[in-house]
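A.B. asks: Here you go, this is my_file28.cif (mmCIF, C-alpha atoms).
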```cif
data_upload
#
loop_
_atom_site.label_atom_id
_atom_site.label_comp_id
_atom_site.auth_asym_id
_atom_site.auth_seq_id
_atom_site.Cartn_x
_atom_site.Cartn_y
_atom_site.Cartn_z
CA MET A 1 88.60 52.47 81.50
CA MET A 2 90.36 55.43 83.09
CA THR A 3 89.93 58.84 81.52
CA SER A 4 93.09 60.19 79.95
CA SER A 5 94.65 63.02 81.92
CA THR A 6 95.09 64.89 78.64
CA THR A 7 91.33 65.02 77.99
CA VAL A 8 89.89 65.76 81.43
CA ARG A 9 88.97 69.39 81.95
CA PRO A 10 88.26 69.95 85.66
CA LYS A 11 88.49 73.75 85.47
CA ALA A 12 86.02 73.92 82.57
CA LEU A 13 83.61 71.65 84.45
CA ALA A 14 83.94 73.80 87.58
CA THR A 15 83.14 76.96 85.61
CA TRP A 16 80.10 75.28 84.10
CA LEU A 17 78.82 74.14 87.51
CA LEU A 18 79.27 77.60 89.00
CA ILE A 19 77.27 79.12 86.12
CA VAL A 20 74.48 76.62 86.79
CA ALA A 21 74.71 77.50 90.51
CA ALA A 22 74.23 81.19 89.63
CA MET A 23 71.15 80.22 87.61
CA VAL A 24 69.78 78.36 90.63
CA VAL A 25 70.21 81.51 92.76
CA LEU A 26 68.27 83.42 90.10
CA MET A 27 65.64 80.68 90.17
CA VAL A 28 65.31 81.07 93.95
CA SER A 29 64.78 84.82 93.54
CA VAL A 30 62.09 84.35 90.89
CA GLY A 31 60.50 81.67 93.06
CA GLY A 32 60.34 84.22 95.87
CA ILE A 33 58.63 86.75 93.61
CA THR A 34 56.22 84.06 92.43
CA ARG A 35 55.29 83.23 96.01
CA LEU A 36 55.00 86.82 97.22
CA THR A 37 52.82 87.88 94.29
CA GLU A 38 50.56 84.84 94.86
CA SER A 39 51.33 83.68 91.32
CA GLY A 40 52.03 80.01 91.98
CA LEU A 41 48.56 78.65 91.23
CA SER A 42 47.99 80.59 88.01
CA ILE A 43 49.07 77.68 85.79
CA THR A 44 46.93 74.68 86.66
CA ARG A 45 48.55 72.10 84.35
CA TRP A 46 52.03 70.64 84.11
CA ASN A 47 53.15 70.35 80.50
CA PRO A 48 56.96 70.02 80.59
CA ILE A 49 57.37 70.55 76.82
CA SER A 50 54.42 72.51 75.45
CA GLY A 51 54.15 74.56 78.63
CA ALA A 52 57.29 76.44 77.65
CA ILE A 53 55.20 78.45 75.18
CA PRO A 54 52.90 81.01 76.84
CA PRO A 55 49.38 81.76 75.54
CA LEU A 56 49.68 83.57 72.20
CA THR A 57 46.11 84.52 71.37
CA GLN A 58 43.24 86.11 73.28
CA ALA A 59 41.41 82.79 73.13
CA ASP A 60 44.42 81.00 74.65
CA TRP A 61 44.60 83.54 77.46
CA GLN A 62 40.88 83.22 78.16
CA ALA A 63 41.19 79.41 78.27
CA GLU A 64 43.97 79.62 80.86
CA PHE A 65 42.00 82.17 82.87
CA ASP A 66 38.92 79.90 82.79
CA LEU A 67 41.01 77.05 84.22
CA TYR A 68 42.29 79.33 86.98
CA LYS A 69 38.73 80.38 87.78
CA GLN A 70 38.07 76.80 88.92
CA THR A 71 40.69 76.99 91.68
CA GLY A 72 39.93 77.60 95.32
CA GLU A 73 42.22 80.62 95.24
CA TYR A 74 40.11 82.36 92.60
CA LEU A 75 36.75 81.29 94.06
CA ASN A 76 37.63 82.43 97.59
CA VAL A 77 40.26 85.16 97.25
CA THR A 78 41.17 86.70 93.90
CA GLY A 79 37.74 86.37 92.29
CA PRO A 80 35.88 88.21 95.09
CA ALA A 81 38.70 90.78 94.99
CA GLY A 82 37.81 91.51 91.37
CA MET A 83 40.67 89.88 89.42
CA ASP A 84 40.34 90.49 85.68
CA LEU A 85 42.26 89.07 82.72
CA ALA A 86 44.95 91.77 82.89
CA ALA A 87 45.67 90.97 86.55
CA PHE A 88 45.70 87.26 85.72
CA LYS A 89 48.31 87.84 82.99
CA PHE A 90 50.59 89.42 85.61
CA ILE A 91 50.55 86.44 87.97
CA PHE A 92 50.68 84.01 85.03
CA PHE A 93 53.89 85.65 83.82
CA TRP A 94 55.79 85.01 87.08
CA GLU A 95 54.76 81.37 87.33
CA TRP A 96 55.52 80.81 83.64
CA PHE A 97 58.92 82.55 83.97
CA HIS A 98 59.72 80.46 87.05
CA ARG A 99 58.97 77.26 85.16
CA LEU A 100 60.85 78.48 82.09
CA LEU A 101 63.96 79.09 84.20
CA GLY A 102 63.64 75.55 85.52
CA ARG A 103 63.64 74.23 81.96
CA LEU A 104 66.64 76.40 81.03
CA ILE A 105 68.59 75.19 84.06
CA GLY A 106 67.83 71.61 83.05
CA LEU A 107 69.18 72.25 79.56
CA ALA A 108 72.17 74.19 80.91
CA PHE A 109 73.09 71.15 82.97
CA ALA A 110 72.11 68.22 80.75
CA VAL A 111 73.54 69.40 77.41
CA PRO A 112 77.06 70.32 78.66
CA LEU A 113 77.08 67.14 80.78
CA ALA A 114 76.44 65.06 77.67
CA TRP A 115 79.13 66.97 75.76
CA PHE A 116 81.75 66.58 78.51
CA TRP A 117 80.82 62.90 78.81
CA ILE A 118 81.21 62.25 75.06
CA LYS A 119 84.53 64.15 75.01
CA ARG A 120 85.75 62.11 78.00
CA ALA A 121 86.47 65.36 79.81
CA ILE A 122 84.97 64.24 83.13
CA PRO A 123 87.60 63.17 85.70
CA GLN A 124 87.42 59.70 87.18
CA GLY A 125 84.91 59.40 90.01
CA TYR A 126 82.86 62.46 89.11
CA LYS A 127 80.28 60.94 86.75
CA PRO A 128 78.06 59.51 89.54
CA ARG A 129 78.08 62.88 91.32
CA LEU A 130 77.09 64.77 88.19
CA VAL A 131 74.33 62.30 87.39
CA ALA A 132 73.07 62.66 90.97
CA LEU A 133 72.96 66.44 90.59
CA LEU A 134 71.03 66.04 87.33
CA ALA A 135 68.57 63.72 89.09
CA LEU A 136 68.15 66.25 91.92
CA GLY A 137 67.30 68.91 89.35
CA GLY A 138 64.67 66.67 87.79
CA LEU A 139 63.28 65.83 91.20
CA GLN A 140 63.03 69.54 91.92
CA GLY A 141 60.65 69.94 88.98
CA VAL A 142 58.52 67.03 90.19
CA PHE A 143 58.37 68.47 93.72
CA GLY A 144 57.40 71.83 92.24
CA TRP A 145 54.41 70.27 90.52
CA PHE A 146 53.38 68.37 93.68
CA MET A 147 53.54 71.72 95.48
CA VAL A 148 51.29 73.41 92.92
CA ARG A 149 48.90 70.46 92.87
CA SER A 150 48.54 70.66 96.66
CA GLY A 151 47.06 74.14 96.21
CA LEU A 152 44.59 73.05 93.54
CA ALA A 153 42.76 70.53 95.70
CA GLY A 154 39.26 71.38 96.90
CA THR A 155 38.96 74.77 98.52
CA MET A 156 42.71 75.31 99.06
CA THR A 157 43.76 78.93 98.51
CA ASP A 158 47.51 78.31 98.90
CA VAL A 159 49.99 75.53 98.30
CA SER A 160 50.97 73.24 101.16
CA HIS A 161 53.76 74.85 103.18
CA PHE A 162 55.25 71.38 103.59
CA TRP A 163 55.54 70.90 99.83
CA LEU A 164 56.86 74.45 99.49
CA SER A 165 59.63 73.64 102.00
CA ILE A 166 60.51 70.42 100.18
CA HIS A 167 60.64 72.33 96.88
CA LEU A 168 62.84 75.14 98.26
CA LEU A 169 65.17 72.96 100.34
CA THR A 170 65.76 70.61 97.42
CA ALA A 171 66.85 73.63 95.37
CA LEU A 172 69.22 74.78 98.13
CA ILE A 173 70.70 71.29 98.61
CA THR A 174 71.25 71.12 94.85
CA LEU A 175 72.90 74.55 94.99
CA ALA A 176 75.26 73.40 97.75
CA GLY A 177 76.07 70.25 95.78
CA LEU A 178 76.92 72.27 92.67
CA VAL A 179 79.25 74.56 94.64
CA TRP A 180 80.92 71.69 96.53
CA THR A 181 81.56 69.69 93.34
CA ALA A 182 82.88 72.79 91.53
CA LEU A 183 85.32 73.43 94.40
CA ASP A 184 86.51 69.81 94.29
CA LEU A 185 87.14 70.19 90.57
CA LEU A 186 89.05 73.45 91.08
CA GLN A 187 91.23 71.67 93.65
CA LEU A 188 91.81 68.90 91.11
CA ALA A 189 92.81 71.48 88.50
CA ARG A 190 95.43 72.74 90.97
CA GLY A 191 96.88 69.26 91.34
CA ASN A 192 95.01 68.03 94.44
CA SER A 193 93.15 64.87 93.46
CA LYS A 194 91.67 64.25 96.92
CA PRO A 195 88.06 65.46 97.22
CA ALA A 196 87.19 67.34 100.40
CA ARG A 197 85.62 65.31 103.20
CA TRP A 198 82.51 66.17 105.19
CA THR A 199 83.50 67.22 108.71
CA VAL A 200 81.82 67.07 112.11
CA THR A 201 81.65 70.88 112.16
CA ALA A 202 79.91 70.91 108.78
CA SER A 203 77.39 68.36 110.10
CA TRP A 204 76.21 70.19 113.20
CA VAL A 205 76.35 73.69 111.70
CA GLY A 206 74.59 72.39 108.59
CA ALA A 207 71.86 70.79 110.69
CA ILE A 208 71.21 74.05 112.54
CA LEU A 209 71.16 76.00 109.28
CA PHE A 210 68.82 73.42 107.74
CA VAL A 211 66.29 73.95 110.54
CA GLN A 212 66.41 77.72 110.00
CA LEU A 213 65.88 77.35 106.26
CA LEU A 214 63.00 74.94 106.89
CA LEU A 215 61.36 77.42 109.26
CA GLY A 216 61.87 80.16 106.69
CA ALA A 217 60.11 78.08 104.05
CA TRP A 218 57.22 77.46 106.44
CA VAL A 219 57.01 81.19 107.18
CA ALA A 220 56.69 81.80 103.44
CA GLY A 221 54.12 79.04 102.94
CA LEU A 222 51.96 80.12 105.88
CA ASN A 223 52.27 83.86 105.09
CA ALA A 224 53.64 84.03 108.63
CA GLY A 225 55.79 87.05 107.82
CA LEU A 226 52.59 89.06 108.26
CA ALA A 227 52.07 87.74 111.80
CA SER A 228 53.97 90.72 113.19
CA ASP A 229 55.36 93.99 111.86
CA THR A 230 57.38 94.79 114.98
CA TRP A 231 60.79 93.60 116.16
CA PRO A 232 61.98 92.24 118.56
CA LEU A 233 58.53 91.94 120.20
CA MET A 234 55.47 90.34 118.63
CA GLN A 235 52.08 91.72 119.70
CA GLY A 236 53.98 93.61 122.41
CA ARG A 237 55.26 90.31 123.80
CA VAL A 238 58.38 88.19 123.48
CA VAL A 239 56.31 85.04 122.89
CA PRO A 240 53.15 85.77 120.91
CA GLU A 241 49.76 84.22 121.50
CA PHE A 242 49.22 81.14 119.35
CA ASP A 243 46.77 78.30 118.98
CA ASP A 244 48.01 75.21 120.84
CA SER A 245 44.61 73.49 121.01
CA ARG A 246 45.97 70.59 118.94
CA GLY A 247 49.23 70.34 120.85
CA LEU A 248 52.51 72.21 120.87
CA PHE A 249 54.20 70.15 118.18
CA TYR A 250 51.30 70.63 115.79
CA ALA A 251 51.40 74.36 116.46
CA MET A 252 55.16 74.45 115.81
CA ALA A 253 54.52 73.29 112.25
CA HIS A 254 51.18 74.97 111.53
CA ASP A 255 50.54 78.10 113.57
CA PRO A 256 51.85 81.19 111.71
CA PHE A 257 52.51 83.16 114.89
CA LEU A 258 54.57 80.40 116.50
CA VAL A 259 56.41 79.53 113.26
CA HIS A 260 57.31 83.22 112.82
CA PHE A 261 58.53 83.35 116.44
CA LEU A 262 60.67 80.22 115.99
CA HIS A 263 62.18 81.50 112.74
CA ARG A 264 63.18 84.90 114.16
CA TRP A 265 64.80 83.45 117.30
CA TRP A 266 66.34 80.24 115.92
CA ALA A 267 68.18 82.64 113.61
CA TRP A 268 70.42 83.56 116.54
CA VAL A 269 71.27 79.90 117.16
CA ALA A 270 72.24 79.70 113.47
CA VAL A 271 74.33 82.88 113.80
CA ALA A 272 76.22 81.45 116.81
CA ALA A 273 76.92 78.23 114.91
CA LEU A 274 78.11 80.10 111.82
CA VAL A 275 80.37 82.34 113.93
CA VAL A 276 82.06 79.22 115.36
CA MET A 277 82.49 77.85 111.84
CA ALA A 278 83.83 81.15 110.50
CA ARG A 279 86.38 81.38 113.34
CA LYS A 280 87.67 77.92 112.45
CA LEU A 281 87.91 79.01 108.81
CA LYS A 282 89.77 82.26 109.40
CA PRO A 283 93.31 80.81 109.55
CA LEU A 284 92.56 78.50 106.61
CA ASP A 285 90.72 80.79 104.18
CA ARG A 286 89.98 84.33 105.32
CA LYS A 287 87.76 85.01 102.28
CA ALA A 288 85.45 82.10 103.12
CA SER A 289 85.21 83.33 106.72
CA ILE A 290 84.33 86.85 105.55
CA ALA A 291 81.74 85.46 103.13
CA ILE A 292 79.92 83.63 105.93
CA HIS A 293 79.98 86.68 108.24
CA SER A 294 78.76 88.95 105.42
CA ALA A 295 75.98 86.58 104.39
CA PHE A 296 74.45 86.00 107.80
CA GLY A 297 74.87 89.65 108.82
CA THR A 298 73.05 90.85 105.73
CA GLN A 299 70.44 88.13 106.14
CA ILE A 300 69.61 89.17 109.71
CA LEU A 301 69.19 92.83 108.68
CA LEU A 302 67.00 91.88 105.73
CA GLY A 303 64.92 89.60 107.92
CA ILE A 304 64.21 92.43 110.38
CA ALA A 305 63.49 94.82 107.50
CA THR A 306 61.08 92.29 105.98
CA VAL A 307 59.15 92.19 109.24
CA VAL A 308 58.97 95.93 109.95
CA THR A 309 58.00 96.80 106.34
CA GLY A 310 55.11 94.35 106.40
CA VAL A 311 56.85 91.99 103.95
CA ALA A 312 57.72 94.56 101.29
CA LEU A 313 58.20 92.62 98.05
CA TRP A 314 61.78 93.45 97.13
CA ILE A 315 63.07 93.31 100.69
CA ALA A 316 61.46 89.90 101.19
CA VAL A 317 62.87 88.65 97.86
CA SER A 318 66.32 89.94 98.82
CA HIS A 319 66.00 88.06 102.11
CA GLN A 320 65.37 84.84 100.19
CA VAL A 321 68.22 85.46 97.74
CA VAL A 322 70.73 86.17 100.52
CA GLY A 323 69.51 82.97 102.17
CA ALA A 324 70.64 81.14 99.03
CA LEU A 325 73.97 82.99 99.13
CA LEU A 326 74.34 81.96 102.78
CA VAL A 327 74.02 78.34 101.64
CA VAL A 328 76.74 79.01 99.05
CA SER A 329 79.05 80.51 101.68
CA PHE A 330 78.35 77.60 104.03
CA ALA A 331 79.20 75.07 101.30
CA TRP A 332 82.41 76.99 100.58
CA GLY A 333 83.35 77.04 104.25
CA ALA A 334 82.50 73.37 104.77
CA HIS A 335 84.65 72.49 101.76
CA VAL A 336 87.61 74.45 103.12
CA LEU A 337 87.35 72.66 106.47
CA GLY A 338 87.28 69.29 104.71
CA ARG A 339 90.17 69.80 102.30
CA ARG A 340 92.99 67.26 102.55
CA PRO A 341 96.64 67.72 101.59
CA ALA A 342 97.48 66.65 98.06
#
```
Could the structure of this file be written out as structure tokens, please?

C.D. replies:
Amino acid sequence: MMTSSTTVRPKALATWLLIVAAMVVLMVSVGGITRLTESGLSITRWNPISGAIPPLTQADWQAEFDLYKQTGEYLNVTGPAGMDLAAFKFIFFWEWFHRLLGRLIGLAFAVPLAWFWIKRAIPQGYKPRLVALLALGGLQGVFGWFMVRSGLAGTMTDVSHFWLSIHLLTALITLAGLVWTALDLLQLARGNSKPARWTVTASWVGAILFVQLLLGAWVAGLNAGLASDTWPLMQGRVVPEFDDSRGLFYAMAHDPFLVHFLHRWWAWVAVAALVVMARKLKPLDRKASIAIHSAFGTQILLGIATVVTGVALWIAVSHQVVGALLVVSFAWGAHVLGRRPA
């Protein structure tokens, strides 16, 4: 049965999706803090419901700390460094807050979705998309736990950088999907019922950007930002020394020096691609073009600053947040290129 045009509320749905998108950007920033403060392995269990409540008594805190003491990270790194309960509470807070935000985003999406669905306010053709976005959000939580679990095995002192990249890239794909769907709904509210199409330009620019984001996630997971504190040279060389004893392709995904090198120089390939995209956008939507230029320009400066400051916390977090905003600007630009006349 078709939804009545008098009950659909595309503008309200778009506003809701953009609010959720803003929450995802916040989630990415807190995730960055969690990673940079080495807080990700502080909670060793996944309790989706009861885990929302932090330890409330001294005994509860000691029990959580005792669980953490069994991890490879504590036995090999933080324990020998003298971590006490007070220091544990600090890292526990960031991981708990990160997970709490995930729960809040789930509620902020699922509850309004149910309400709009019951009120028949969702335009025809949009229900499958919204359900897919909800599923992506749920999958993000599952991937997050797989990531944490990868760091709890044996003598591991960090999470797998592969799982970290899956966790982060799923969040960014979800973010792009939220923005794209919101823009389609805003077009519908203006009388254009034809959703934007995915263009060839969006495909090749998106692929290049995806590689850069993947490399950035690997840099974070391998602590490869610390491989050099100079720019543009590394160790006084353009190409740093790296371990290729297991082959070049293995090194490209595992060696922190080579991954850092690839991330800093593939960035310029991404910039060139985004400049081409922005130039195509300029006559169509100048604001979208400016947004892309502003995002990648700021991102490059923050990336260099992250390196030369030895991965200063707030600069590195800002670099990750602007990366998320770059994804938003890309989704906006791709949508503009794919818009069809009403």

A.B. asks: Between A:Ala189, A:Ile300, A:Leu168, A:Ile43, which one has atoms that come closest to Pro55 of chain A, using all atoms listed in the file?

C.D. replies: A:Ile43

A.B. asks: In Å, with one decimal, what is the gap from atom CA of Met23 of chain A to atom CA of Phe143 of chain A?

C.D. replies: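 Those two atoms sit 18.4 Å apart.
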
A.B. asks: For the file shown, report as a ChimeraX atom specification the outcome of the PyMOL selection byres ((chain A and resi 199) around 12) at residue level.

C.D. replies: /A:196-198,200-206,277,331,333-340

A.B. asks: Could you write out as a ChimeraX atom specification the residues that the PyMOL selection byres ((chain A and resi 152) around 10) matches in the shown file?

C.D. replies: /A:41-42,44,68,70-73,146-151,153-160

A.B. asks: Of the candidates A:Thr309, A:Ser50, A:Gln140, A:Ser29, which one gets nearest to Thr170 of chain A if we count all atoms listed in the file?

C.D. replies: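 Closest to Thr170 of chain A of all the choices is A:Gln140.
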
A.B. asks: Evaluate the PyMOL selection byres ((chain A and resi 84-101) around 6) against this structure - the residues, as an mmCIF file with C-alpha atoms, in the frame of the given file, please.

C.D. replies:
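Generated output (part-v2.cif):
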```cif
data_model
loop_
_atom_site.group_PDB
_atom_site.id
_atom_site.type_symbol
_atom_site.label_atom_id
_atom_site.label_comp_id
_atom_site.auth_asym_id
_atom_site.auth_seq_id
_atom_site.Cartn_x
_atom_site.Cartn_y
_atom_site.Cartn_z
ATOM 1 C CA VAL A 30 62.090 84.350 90.890
ATOM 2 C CA THR A 34 56.220 84.060 92.430
ATOM 3 C CA SER A 39 51.330 83.680 91.320
ATOM 4 C CA GLY A 40 52.030 80.010 91.980
ATOM 5 C CA SER A 42 47.990 80.590 88.010
ATOM 6 C CA MET A 83 40.670 89.880 89.420
ATOM 7 C CA GLY A 102 63.640 75.550 85.520
ATOM 8 C CA ARG A 103 63.640 74.230 81.960
ATOM 9 C CA LEU A 104 66.640 76.400 81.030
#
```

A.B. asks: For atom CA of Leu130 of chain A and atom CA of Phe116 of chain A, quote the distance in Å rounded to one decimal.

C.D. replies: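 These two atoms are separated by 10.9 Å.
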
A.B. asks: For a test of reading the model, state the distance in Å between atom CA of Thr57 of chain A and atom CA of Gly32 of chain A, rounded to one decimal.

C.D. replies: 28.3 Å

A.B. asks: Ranking A:Phe109, A:Trp180, A:Phe296, A:Trp231 by minimum distance to Ala272 of chain A and counting all atoms listed in the file, which one comes first?

C.D. replies: A:Phe296

A.B. asks: Give as a ChimeraX atom specification each residue that has an atom at most 10 Å from (77.5, 63.3, 86.3) in the file, counting all atoms listed in the file.

C.D. replies: /A:109-110,113-114,116-117,122,125-135

A.B. asks: I'd like the contact shell of Trp314 of chain A - 10 Å cut-off, all atoms listed in the file, skipping same-chain residues fewer than 3 positions apart - returned as a count of residues only.

C.D. replies: 10

A.B. asks: When you count only C-alpha atoms, which of these residues is closest to Asp255 of chain A: A:Val275, A:Ile173, A:Val24, A:Leu215?

C.D. replies: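 Closest residue, counting only C-alpha atoms: A:Leu215.
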
A.B. asks: Calculated over all atoms listed in the file, which of the candidates A:Leu274, A:Leu214, A:Leu175, A:Ala305 has the smallest distance to Thr230 of chain A?

C.D. replies: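 Closest candidate: A:Ala305.
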
A.B. asks: Of the candidates A:Leu169, A:Leu248, A:Met234, A:Leu188, which shows the shortest atom-to-atom distance to Ala217 of chain A, using all atoms listed in the file?

C.D. replies: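 For Ala217 of chain A, the nearest of the candidates is A:Leu169.
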
A.B. asks: Enclose segment 207-216 of chain A, meaning all of its atoms listed in the file, in a box aligned along x, y and z, pad it by 5 Å on each side, and list the centre and edge lengths in Å to one decimal, as JSON.

C.D. replies:
```
{"center_x": 66.6, "center_y": 75.5, "center_z": 109.4, "size_x": 20.5, "size_y": 19.4, "size_z": 16.3}
```

A.B. asks: Kindly add all heavy atoms to the incomplete segment 47-56 of chain A and provide the output as a JSON list (two decimals), keeping the file's coordinate frame.

C.D. replies:
```
[["chain", "number", "residue", "atom", "x", "y", "z"],
["A", 47, "ASN", "N", 52.77, 70.82, 81.83],
["A", 47, "ASN", "CA", 53.15, 70.35, 80.50],
["A", 47, "ASN", "C", 54.62, 70.67, 80.28],
["A", 47, "ASN", "O", 54.96, 71.78, 79.84],
["A", 47, "ASN", "CB", 52.30, 71.04, 79.42],
["A", 47, "ASN", "CG", 50.82, 70.71, 79.57],
["A", 47, "ASN", "OD1", 50.46, 69.56, 79.77],
["A", 47, "ASN", "ND2", 49.97, 71.72, 79.48],
["A", 48, "PRO", "N", 55.52, 69.73, 80.62],
["A", 48, "PRO", "CA", 56.96, 70.02, 80.59],
["A", 48, "PRO", "C", 57.48, 70.55, 79.25],
["A", 48, "PRO", "O", 58.41, 71.36, 79.22],
["A", 48, "PRO", "CB", 57.59, 68.66, 80.92],
["A", 48, "PRO", "CG", 56.55, 67.95, 81.71],
["A", 48, "PRO", "CD", 55.25, 68.38, 81.11],
["A", 49, "ILE", "N", 56.88, 70.11, 78.14],
["A", 49, "ILE", "CA", 57.37, 70.55, 76.82],
["A", 49, "ILE", "C", 56.53, 71.72, 76.29],
["A", 49, "ILE", "O", 57.03, 72.84, 76.13],
["A", 49, "ILE", "CB", 57.34, 69.38, 75.81],
["A", 49, "ILE", "CG1", 58.12, 68.18, 76.36],
["A", 49, "ILE", "CG2", 57.93, 69.85, 74.47],
["A", 49, "ILE", "CD1", 59.57, 68.47, 76.66],
["A", 50, "SER", "N", 55.26, 71.48, 76.06],
["A", 50, "SER", "CA", 54.42, 72.51, 75.45],
["A", 50, "SER", "C", 54.20, 73.70, 76.39],
["A", 50, "SER", "O", 53.92, 74.82, 75.93],
["A", 50, "SER", "CB", 53.06, 71.92, 75.04],
["A", 50, "SER", "OG", 52.37, 71.41, 76.18],
["A", 51, "GLY", "N", 54.35, 73.47, 77.68],
["A", 51, "GLY", "CA", 54.15, 74.56, 78.63],
["A", 51, "GLY", "C", 55.19, 75.65, 78.55],
["A", 51, "GLY", "O", 55.03, 76.72, 79.16],
["A", 52, "ALA", "N", 56.26, 75.41, 77.80],
["A", 52, "ALA", "CA", 57.29, 76.44, 77.65],
["A", 52, "ALA", "C", 56.80, 77.62, 76.81],
["A", 52, "ALA", "O", 57.36, 78.72, 76.88],
["A", 52, "ALA", "CB", 58.55, 75.84, 77.01],
["A", 53, "ILE", "N", 55.75, 77.39, 76.03],
["A", 53, "ILE", "CA", 55.20, 78.45, 75.18],
["A", 53, "ILE", "C", 54.00, 79.07, 75.89],
["A", 53, "ILE", "O", 53.04, 78.37, 76.23],
["A", 53, "ILE", "CB", 54.76, 77.89, 73.81],
["A", 53, "ILE", "CG1", 55.94, 77.21, 73.12],
["A", 53, "ILE", "CG2", 54.17, 79.00, 72.95],
["A", 53, "ILE", "CD1", 55.58, 76.49, 71.84],
["A", 54, "PRO", "N", 54.02, 80.38, 76.16],
["A", 54, "PRO", "CA", 52.90, 81.01, 76.84],
["A", 54, "PRO", "C", 51.71, 81.17, 75.90],
["A", 54, "PRO", "O", 51.84, 80.97, 74.68],
["A", 54, "PRO", "CB", 53.47, 82.39, 77.22],
["A", 54, "PRO", "CG", 54.48, 82.67, 76.15],
["A", 54, "PRO", "CD", 55.09, 81.33, 75.81],
["A", 55, "PRO", "N", 50.54, 81.50, 76.42],
["A", 55, "PRO", "CA", 49.38, 81.76, 75.54],
["A", 55, "PRO", "C", 49.72, 82.86, 74.52],
["A", 55, "PRO", "O", 50.33, 83.87, 74.87],
["A", 55, "PRO", "CB", 48.30, 82.24, 76.52],
["A", 55, "PRO", "CG", 48.69, 81.64, 77.83],
["A", 55, "PRO", "CD", 50.19, 81.64, 77.84],
["A", 56, "LEU", "N", 49.32, 82.63, 73.27],
["A", 56, "LEU", "CA", 49.68, 83.57, 72.20],
["A", 56, "LEU", "C", 48.49, 84.35, 71.65],
["A", 56, "LEU", "O", 48.67, 85.36, 70.99],
["A", 56, "LEU", "CB", 50.37, 82.81, 71.06],
["A", 56, "LEU", "CG", 51.67, 82.07, 71.44],
["A", 56, "LEU", "CD1", 52.20, 81.28, 70.25],
["A", 56, "LEU", "CD2", 52.72, 83.06, 71.93]]
```
